[in-house]
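Asks: Pasting data_36.cif below, which is mmCIF, C-alpha atoms.
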data_target
loop_
_atom_site.group_PDB
_atom_site.id
_atom_site.type_symbol
_atom_site.label_atom_id
_atom_site.label_comp_id
_atom_site.auth_asym_id
_atom_site.auth_seq_id
_atom_site.Cartn_x
_atom_site.Cartn_y
_atom_site.Cartn_z
ATOM 1 C CA MET A 1 0.000 0.000 0.000
ATOM 2 C CA SER A 2 1.466 3.399 -0.947
ATOM 3 C CA GLU A 3 2.011 6.276 1.476
ATOM 4 C CA ASP A 4 -0.483 8.529 -0.430
ATOM 5 C CA HIS A 5 -3.263 5.945 -0.156
ATOM 6 C CA THR A 6 -2.720 5.616 3.604
ATOM 7 C CA ARG A 7 -2.863 9.386 4.046
ATOM 8 C CA ARG A 8 -6.135 9.620 2.075
ATOM 9 C CA ALA A 9 -7.655 6.863 4.176
ATOM 10 C CA ALA A 10 -6.769 8.764 7.345
ATOM 11 C CA LEU A 11 -8.266 11.926 5.923
ATOM 12 C CA ASP A 12 -11.493 10.061 5.040
ATOM 13 C CA TRP A 13 -11.883 8.836 8.615
ATOM 14 C CA ARG A 14 -11.480 12.345 9.925
ATOM 15 C CA ARG A 15 -14.193 13.555 7.522
ATOM 16 C CA ILE A 16 -16.530 10.727 8.464
ATOM 17 C CA LEU A 17 -15.986 11.417 12.160
ATOM 18 C CA ALA A 18 -16.657 15.121 11.654
ATOM 19 C CA GLU A 19 -19.831 14.469 9.685
ATOM 20 C CA GLY A 20 -21.049 11.926 12.241
ATOM 21 C CA THR A 21 -20.391 14.353 15.058
ATOM 22 C CA ALA A 22 -22.316 17.061 13.205
ATOM 23 C CA ILE A 23 -25.277 14.734 12.703
ATOM 24 C CA VAL A 24 -25.324 13.717 16.368
ATOM 25 C CA LEU A 25 -25.116 17.349 17.482
ATOM 26 C CA SER A 26 -27.940 18.271 15.104
ATOM 27 C CA ILE A 27 -30.136 15.529 16.544
ATOM 28 C CA LEU A 28 -29.319 16.520 20.101
ATOM 29 C CA LEU A 29 -30.011 20.158 19.271
ATOM 30 C CA ALA A 30 -33.378 19.224 17.753
ATOM 31 C CA PHE A 31 -34.298 17.216 20.830
ATOM 32 C CA GLY A 32 -33.176 20.090 23.028
ATOM 33 C CA ILE A 33 -35.281 22.602 21.114
ATOM 34 C CA GLU A 34 -38.297 20.284 21.251
ATOM 35 C CA ALA A 35 -37.844 19.728 24.987
ATOM 36 C CA TRP A 36 -37.466 23.465 25.577
ATOM 37 C CA TRP A 37 -40.600 24.206 23.547
ATOM 38 C CA SER A 38 -42.583 21.483 25.315
ATOM 39 C CA GLY A 39 -41.417 22.761 28.705
ATOM 40 C CA SER A 40 -42.311 26.308 27.720
ATOM 41 C CA GLN A 41 -45.794 25.182 26.675
ATOM 42 C CA ASP A 42 -46.240 23.243 29.929
ATOM 43 C CA ARG A 43 -45.204 26.271 31.978
ATOM 44 C CA GLY A 44 -47.692 28.403 30.099
ATOM 45 C CA ASP A 45 -50.451 25.851 30.694
ATOM 46 C CA GLU A 46 -49.457 25.666 34.349
ATOM 47 C CA GLN A 47 -49.725 29.418 34.739
ATOM 48 C CA GLU A 48 -53.148 29.462 33.092
ATOM 49 C CA LEU A 49 -54.318 26.692 35.433
ATOM 50 C CA LEU A 50 -52.907 28.448 38.510
ATOM 51 C CA THR A 51 -54.634 31.678 37.524
ATOM 52 C CA ALA A 52 -57.985 29.922 37.011
ATOM 53 C CA LEU A 53 -57.663 28.177 40.384
ATOM 54 C CA TYR A 54 -56.586 31.378 42.131
ATOM 55 C CA GLU A 55 -59.618 33.267 40.845
ATOM 56 C CA GLU A 56 -62.012 30.389 41.583
ATOM 57 C CA LEU A 57 -60.730 30.096 45.144
ATOM 58 C CA GLY A 58 -61.123 33.861 45.562
ATOM 59 C CA VAL A 59 -64.811 33.614 44.657
ATOM 60 C CA ASN A 60 -65.263 30.742 47.100
ATOM 61 C CA GLU A 61 -63.448 32.560 49.892
ATOM 62 C CA ALA A 62 -65.867 35.484 49.682
ATOM 63 C CA LEU A 63 -68.880 33.149 49.551
ATOM 64 C CA LEU A 64 -67.734 30.990 52.468
ATOM 65 C CA THR A 65 -66.900 34.009 54.625
ATOM 66 C CA GLN A 66 -70.413 35.356 54.104
ATOM 67 C CA ASN A 67 -72.071 31.980 54.650
ATOM 68 C CA VAL A 68 -70.216 31.267 57.883
ATOM 69 C CA ARG A 69 -71.376 34.604 59.282
ATOM 70 C CA ILE A 70 -75.007 33.930 58.294
ATOM 71 C CA ILE A 71 -75.006 30.415 59.722
ATOM 72 C CA GLU A 72 -73.439 31.530 62.992
ATOM 73 C CA ASP A 73 -75.996 34.332 63.365
ATOM 74 C CA GLN A 74 -78.936 32.043 62.619
ATOM 75 C CA SER A 75 -77.627 29.316 64.896
ATOM 76 C CA ALA A 76 -77.254 31.774 67.780
ATOM 77 C CA LEU A 77 -80.750 33.140 67.178
ATOM 78 C CA LEU A 78 -82.250 29.659 67.112
ATOM 79 C CA ARG A 79 -80.511 28.656 70.345
ATOM 80 C CA THR A 80 -81.799 31.872 71.946
ATOM 81 C CA LEU A 81 -85.358 31.048 70.875
ATOM 82 C CA LEU A 82 -85.096 27.526 72.238
ATOM 83 C CA ALA A 83 -83.824 28.820 75.591
ATOM 84 C CA MET A 84 -86.667 31.314 76.055
ATOM 85 C CA SER A 85 -89.334 30.848 78.680
ATOM 86 C CA PRO A 86 -93.011 30.904 77.588
ATOM 87 C CA GLY A 87 -93.303 34.458 78.890
ATOM 88 C CA GLU A 88 -90.287 35.605 76.875
ATOM 89 C CA VAL A 89 -91.664 33.927 73.762
ATOM 90 C CA ALA A 90 -95.015 35.652 74.231
ATOM 91 C CA ALA A 91 -93.250 39.003 74.563
ATOM 92 C CA ILE A 92 -91.508 38.781 71.161
ATOM 93 C CA PRO A 93 -92.885 41.648 69.023
ATOM 94 C CA PRO A 94 -94.757 40.434 65.903
ATOM 95 C CA ASP A 95 -92.423 42.336 63.573
ATOM 96 C CA SER A 96 -89.455 40.650 65.201
ATOM 97 C CA VAL A 97 -91.037 37.264 64.587
ATOM 98 C CA ASN A 98 -91.377 37.991 60.916
ATOM 99 C CA ASP A 99 -87.970 39.652 60.526
ATOM 100 C CA GLN A 100 -85.924 37.107 62.453
ATOM 101 C CA ILE A 101 -87.687 34.003 63.704
ATOM 102 C CA LEU A 102 -89.306 32.985 60.426
ATOM 103 C CA THR A 103 -85.970 32.927 58.614
ATOM 104 C CA LEU A 104 -84.853 30.144 60.953
ATOM 105 C CA PHE A 105 -87.371 27.790 59.405
ATOM 106 C CA ARG A 106 -86.287 27.975 55.809
ATOM 107 C CA ARG A 107 -86.079 24.527 54.300
ATOM 108 C CA THR A 108 -82.307 24.485 54.141
ATOM 109 C CA PHE A 109 -79.112 26.423 53.834
ATOM 110 C CA SER A 110 -76.436 25.299 51.407
ATOM 111 C CA SER A 111 -73.015 26.535 50.468
ATOM 112 C CA GLU A 112 -72.542 25.831 46.766
ATOM 113 C CA LEU A 113 -68.940 26.497 45.804
ATOM 114 C CA ALA A 114 -67.414 27.072 42.382
ATOM 115 C CA VAL A 115 -65.327 23.978 41.627
ATOM 116 C CA GLY A 116 -65.260 23.890 37.833
ATOM 117 C CA SER A 117 -61.553 24.607 37.386
ATOM 118 C CA LEU A 118 -60.472 22.311 40.218
ATOM 119 C CA ASN A 119 -62.688 19.408 39.150
ATOM 120 C CA SER A 120 -61.579 19.762 35.540
ATOM 121 C CA ALA A 121 -57.911 19.729 36.545
ATOM 122 C CA MET A 122 -58.412 16.710 38.815
ATOM 123 C CA ASN A 123 -60.473 14.680 36.338
ATOM 124 C CA SER A 124 -58.293 15.415 33.289
ATOM 125 C CA GLY A 125 -54.980 14.854 35.063
ATOM 126 C CA ASN A 126 -53.901 18.412 34.330
ATOM 127 C CA ILE A 127 -53.261 18.852 38.028
ATOM 128 C CA ALA A 128 -49.872 17.251 37.226
ATOM 129 C CA LEU A 129 -48.964 20.440 35.340
ATOM 130 C CA ILE A 130 -48.505 22.100 38.727
ATOM 131 C CA ARG A 131 -44.880 21.456 39.578
ATOM 132 C CA ARG A 132 -45.050 22.362 43.267
ATOM 133 C CA SER A 133 -46.089 19.368 45.342
ATOM 134 C CA ASP A 134 -47.243 21.569 48.234
ATOM 135 C CA ILE A 135 -49.820 23.210 45.974
ATOM 136 C CA ARG A 136 -51.072 19.855 44.691
ATOM 137 C CA SER A 137 -51.316 18.524 48.246
ATOM 138 C CA GLY A 138 -53.091 21.676 49.425
ATOM 139 C CA LEU A 139 -55.669 21.439 46.646
ATOM 140 C CA ALA A 140 -56.298 17.761 47.423
ATOM 141 C CA GLN A 141 -56.806 18.541 51.122
ATOM 142 C CA TYR A 142 -59.158 21.429 50.327
ATOM 143 C CA GLU A 143 -61.159 19.271 47.912
ATOM 144 C CA ALA A 144 -61.433 16.394 50.406
ATOM 145 C CA ARG A 145 -62.569 18.632 53.271
ATOM 146 C CA ASN A 146 -65.146 20.249 51.010
ATOM 147 C CA ARG A 147 -66.616 16.795 50.294
ATOM 148 C CA ASP A 148 -66.805 16.063 54.030
ATOM 149 C CA VAL A 149 -68.648 19.338 54.662
ATOM 150 C CA ALA A 150 -71.286 18.302 52.149
ATOM 151 C CA GLU A 151 -72.245 15.430 54.478
ATOM 152 C CA VAL A 152 -72.926 17.887 57.307
ATOM 153 C CA GLY A 153 -74.963 20.020 54.918
ATOM 154 C CA ALA A 154 -77.037 16.960 54.046
ATOM 155 C CA ALA A 155 -77.779 16.418 57.758
ATOM 156 C CA VAL A 156 -78.972 20.035 58.017
ATOM 157 C CA VAL A 157 -81.306 19.421 55.082
ATOM 158 C CA ASP A 158 -82.742 16.244 56.620
ATOM 159 C CA VAL A 159 -83.453 17.878 59.987
ATOM 160 C CA THR A 160 -84.927 20.975 58.359
ATOM 161 C CA VAL A 161 -87.263 18.941 56.156
ATOM 162 C CA ALA A 162 -88.453 16.977 59.198
ATOM 163 C CA ALA A 163 -89.066 20.210 61.124
ATOM 164 C CA THR A 164 -90.944 21.662 58.158
ATOM 165 C CA VAL A 165 -93.227 18.626 58.062
ATOM 166 C CA ALA A 166 -93.882 18.867 61.812
ATOM 167 C CA LEU A 167 -94.646 22.575 61.502
ATOM 168 C CA GLY A 168 -97.462 21.664 59.163
ATOM 169 C CA ARG A 169 -99.599 21.393 62.305
ATOM 170 C CA TYR A 170 -99.490 25.203 62.559
ATOM 171 C CA PRO A 171 -101.002 26.653 59.340
ATOM 172 C CA GLU A 172 -100.569 30.254 60.458
ATOM 173 C CA PHE A 173 -96.833 29.774 60.895
ATOM 174 C CA THR A 174 -96.252 27.662 57.767
ATOM 175 C CA GLU A 175 -98.161 30.178 55.637
ATOM 176 C CA ALA A 176 -95.890 32.951 56.863
ATOM 177 C CA VAL A 177 -92.772 30.856 56.220
ATOM 178 C CA ALA A 178 -93.991 29.959 52.730
ATOM 179 C CA ARG A 179 -94.363 33.656 51.876
ATOM 180 C CA LEU A 180 -90.839 34.643 52.912
ATOM 181 C CA PRO A 181 -89.380 37.170 52.446
ATOM 182 C CA ASP A 182 -92.679 39.030 51.846
ATOM 183 C CA SER A 183 -94.514 37.726 54.895
ATOM 184 C CA ARG A 184 -95.204 40.896 56.875
ATOM 185 C CA ASP A 185 -98.902 40.704 56.126
ATOM 186 C CA VAL A 186 -99.102 37.244 57.770
ATOM 187 C CA LEU A 187 -98.288 37.988 61.379
ATOM 188 C CA VAL A 188 -97.714 35.016 63.644
ATOM 189 C CA SER A 189 -99.652 35.245 66.860
ATOM 190 C CA ALA A 190 -97.965 34.843 70.219
ATOM 191 C CA ALA A 191 -100.223 31.875 70.918
ATOM 192 C CA THR A 192 -99.012 30.038 67.813
ATOM 193 C CA LEU A 193 -95.389 30.787 68.567
ATOM 194 C CA MET A 194 -95.791 29.594 72.161
ATOM 195 C CA ALA A 195 -97.475 26.402 70.949
ATOM 196 C CA ILE A 196 -94.581 25.727 68.595
ATOM 197 C CA ARG A 197 -92.069 26.476 71.340
ATOM 198 C CA SER A 198 -93.851 23.976 73.607
ATOM 199 C CA ASP A 199 -94.066 21.249 70.938
ATOM 200 C CA SER A 200 -91.500 18.668 72.067
ATOM 201 C CA GLU A 201 -91.065 17.139 68.600
ATOM 202 C CA ILE A 202 -90.393 20.477 66.947
ATOM 203 C CA VAL A 203 -88.143 21.645 69.779
ATOM 204 C CA GLY A 204 -86.125 18.437 69.423
ATOM 205 C CA LEU A 205 -85.766 18.888 65.668
ATOM 206 C CA LEU A 206 -84.830 22.547 66.017
ATOM 207 C CA SER A 207 -82.271 21.676 68.696
ATOM 208 C CA ALA A 208 -80.742 19.187 66.273
ATOM 209 C CA LYS A 209 -80.773 21.841 63.575
ATOM 210 C CA ALA A 210 -78.996 24.308 65.858
ATOM 211 C CA PHE A 211 -76.349 21.648 66.559
ATOM 212 C CA TYR A 212 -75.808 20.852 62.882
ATOM 213 C CA TRP A 213 -75.723 24.530 61.986
ATOM 214 C CA SER A 214 -72.958 25.097 64.541
ATOM 215 C CA LEU A 215 -71.086 22.051 63.244
ATOM 216 C CA TYR A 216 -71.600 23.258 59.668
ATOM 217 C CA ALA A 217 -70.118 26.655 60.493
ATOM 218 C CA THR A 218 -67.117 25.010 62.163
ATOM 219 C CA GLU A 219 -66.535 22.717 59.189
ATOM 220 C CA LEU A 220 -66.818 25.623 56.755
ATOM 221 C CA GLU A 221 -64.219 27.500 58.793
ATOM 222 C CA GLY A 222 -61.910 24.528 58.249
ATOM 223 C CA VAL A 223 -62.548 24.687 54.509
ATOM 224 C CA LEU A 224 -61.750 28.395 54.620
ATOM 225 C CA ASP A 225 -58.453 27.736 56.385
ATOM 226 C CA ASP A 226 -57.416 25.183 53.744
ATOM 227 C CA LEU A 227 -58.617 27.447 50.946
ATOM 228 C CA ARG A 228 -56.686 30.471 52.170
ATOM 229 C CA ALA A 229 -53.515 28.451 52.698
ATOM 230 C CA VAL A 230 -53.446 26.908 49.219
ATOM 231 C CA ARG A 231 -54.559 30.166 47.571
ATOM 232 C CA ALA A 232 -51.583 31.925 49.174
ATOM 233 C CA LEU A 233 -49.257 29.250 47.742
ATOM 234 C CA ILE A 234 -50.823 29.634 44.303
ATOM 235 C CA GLY A 235 -50.532 33.411 44.502
ATOM 236 C CA ALA A 236 -46.809 33.103 45.211
ATOM 237 C CA ALA A 237 -46.338 30.662 42.307
ATOM 238 C CA ARG A 238 -48.106 32.797 39.706
ATOM 239 C CA GLU A 239 -45.921 34.839 37.394
ATOM 240 C CA PRO A 240 -46.616 38.587 37.369
ATOM 241 C CA GLY A 241 -48.899 39.742 34.600
ATOM 242 C CA VAL A 242 -50.385 36.307 33.846
ATOM 243 C CA ARG A 243 -54.139 36.396 33.358
#
Can I see the file as structure tokens?

Replies:
Amino acid sequence: MSEDHTRRAALDWRRILAEGTAIVLSILLAFGIEAWWSGSQDRGDEQELLTALYEELGVNEALLTQNVRIIEDQSALLRTLLAMSPGEVAAIPPDSVNDQILTLFRRTFSSELAVGSLNSAMNSGNIALIRRSDIRSGLAQYEARNRDVAEVGAAVVDVTVAATVALGRYPEFTEAVARLPDSRDVLVSAATLMAIRSDSEIVGLLSAKAFYWSLYATELEGVLDDLRAVRALIGAAREPGVR
């Protein structure tokens, strides 16, 4: 073999190695660009999801705060009514009965929260787009506690329906309740109110309702605590200017 042929063979190997290296680098660069683009898209989707959850939780925070206050006020009023003596019941002014007492006998009180964004993220698996595990855990805890609260709400409904049925024995009172909030022209007499207050079945049902209302308010406070905690985490993870 001549010296020139050996030199050309060596040069060919160098060219092949250079071309192979270029091809490998091109492939790696393409994969890198694709990975960067995919990661960029995922981060954008994550920010959109965080924003939707942040806004949804904000709506629920305002609703829950209002509902807890209403439930606590009604529960306290109901316990006060149940603790009154017959003379104190008879002394309740008619307007006060219509403005306050009647509202205690509404069929139910529910706290319907907005959960569209959270349920969609959970059911579709998009919750995995959220990189921070503390946010995912916080959302799961909030969602689980909210389900538990629904069971207490169902107990309130059951007791209220039973009390409503029992109150059917007092047409004057049930007519006024049925016409809420425009019931001022159907005044409940002191005699009817005293009869209701002395009815052991109704008193028992209303006592149970007062208990479940108090429990409901406590459970909703727990939901609020979880909501505020995870919303603060989401707020910190959102990029400025993302809508």

Asks: Quick one: apply the PyMOL selection byres ((chain A and resi 205-214) around 8) to the file and drop the selected residues here as an mmCIF file with C-alpha atoms, in the frame of the given file.

Replies:
data_model
loop_
_atom_site.group_PDB
_atom_site.id
_atom_site.type_symbol
_atom_site.label_atom_id
_atom_site.label_comp_id
_atom_site.auth_asym_id
_atom_site.auth_seq_id
_atom_site.Cartn_x
_atom_site.Cartn_y
_atom_site.Cartn_z
ATOM 1 C CA ILE A 71 -75.006 30.415 59.722
ATOM 2 C CA GLU A 72 -73.439 31.530 62.992
ATOM 3 C CA SER A 75 -77.627 29.316 64.896
ATOM 4 C CA ALA A 76 -77.254 31.774 67.780
ATOM 5 C CA LEU A 78 -82.250 29.659 67.112
ATOM 6 C CA ARG A 79 -80.511 28.656 70.345
ATOM 7 C CA LEU A 82 -85.096 27.526 72.238
ATOM 8 C CA VAL A 152 -72.926 17.887 57.307
ATOM 9 C CA ALA A 155 -77.779 16.418 57.758
ATOM 10 C CA VAL A 156 -78.972 20.035 58.017
ATOM 11 C CA VAL A 159 -83.453 17.878 59.987
ATOM 12 C CA THR A 160 -84.927 20.975 58.359
ATOM 13 C CA ALA A 162 -88.453 16.977 59.198
ATOM 14 C CA ALA A 163 -89.066 20.210 61.124
ATOM 15 C CA GLU A 201 -91.065 17.139 68.600
ATOM 16 C CA ILE A 202 -90.393 20.477 66.947
ATOM 17 C CA VAL A 203 -88.143 21.645 69.779
ATOM 18 C CA GLY A 204 -86.125 18.437 69.423
ATOM 19 C CA LEU A 215 -71.086 22.051 63.244
ATOM 20 C CA TYR A 216 -71.600 23.258 59.668
ATOM 21 C CA ALA A 217 -70.118 26.655 60.493
ATOM 22 C CA THR A 218 -67.117 25.010 62.163
#

Asks: Can you tell me how far CA of Arg145 (chain A) sits from CA of Leu104 (chain A), in Å to one decimal?

Replies: 26.2 Å

Asks: Select, from A:Ala195, A:Ile70, A:Leu227, A:Leu81, the residue with the minimum atom-to-atom distance to Gly58 (chain A), counting only C-alpha atoms.

Replies: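 Closest residue, counting only C-alpha atoms: A:Leu227.
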
Asks: Run through the PyMOL selection byres ((chain A and resi 119) around 12) on the given coordinates and return the selected residues as a ChimeraX atom specification.

Replies: /A:49,52-53,56,113-118,120-127,139-140,142-144

Asks: Here's the selection I'm unsure about, the PyMOL selection byres ((chain A and resi 225) around 12); applied to the file above, which residues does it give, as a list in words?

Replies: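 What the PyMOL selection byres ((chain A and resi 225) around 12) grabs from the file is Leu57, Asn60, Glu61, Leu64, Thr65, Gly138, Leu139, Gln141, Tyr142, Arg145, Asn146, Thr218, Glu219, Leu220, Glu221, Gly222, Val223, Leu224, Asp226, Leu227, Arg228, Ala229, Val230, Arg231 and Ala232 of chain A.
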
Asks: Taking all atoms listed in the file into account, which of A:Phe105, A:Thr21, A:Ala191, A:Leu50 comes nearest Arg131 (chain A)?

Replies: A:Leu50

Asks: Between CA of Asp199 (chain A) and CA of Glu88 (chain A), what is the spacing in Å?

Replies: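 The value is 16.0 Å.
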
Asks: At what distance in Å, to one decimal, does CA of Glu55 (chain A) lie from CA of Arg132 (chain A)?

Replies: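 Between CA of Arg132 (chain A) and CA of Glu55 (chain A) the gap is 18.4 Å.
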
Asks: Compare A:Met84, A:Val188, A:Ala150, A:Met194 by their minimum atom-to-atom distance to Glu112 (chain A), counting all atoms listed in the file, and give me the closest one.

Replies: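 The closest residue to Glu112 (chain A) is A:Ala150.
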
Asks: Under the rule that all atoms listed in the file are counted, which of A:Ala166, A:Ala62, A:Ile101, A:Ile92 is the nearest residue to Gln74 (chain A)?

Replies: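 Nearest to Gln74 (chain A): A:Ile101.
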
Asks: Pick the closest to Gly87 (chain A) from A:Ile234, A:Glu239, A:Ala154, A:Ser198: which is it, counting only C-alpha atoms?

Replies: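 Using only C-alpha atoms, the shortest distance to Gly87 (chain A) belongs to A:Ser198.
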
Asks: Which of these, A:Ile130, A:Val97, A:Val149, A:Val157, has the shortest distance to Ala176 (chain A) once you count only C-alpha atoms?

Replies: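 Closest residue, counting only C-alpha atoms: A:Val97.
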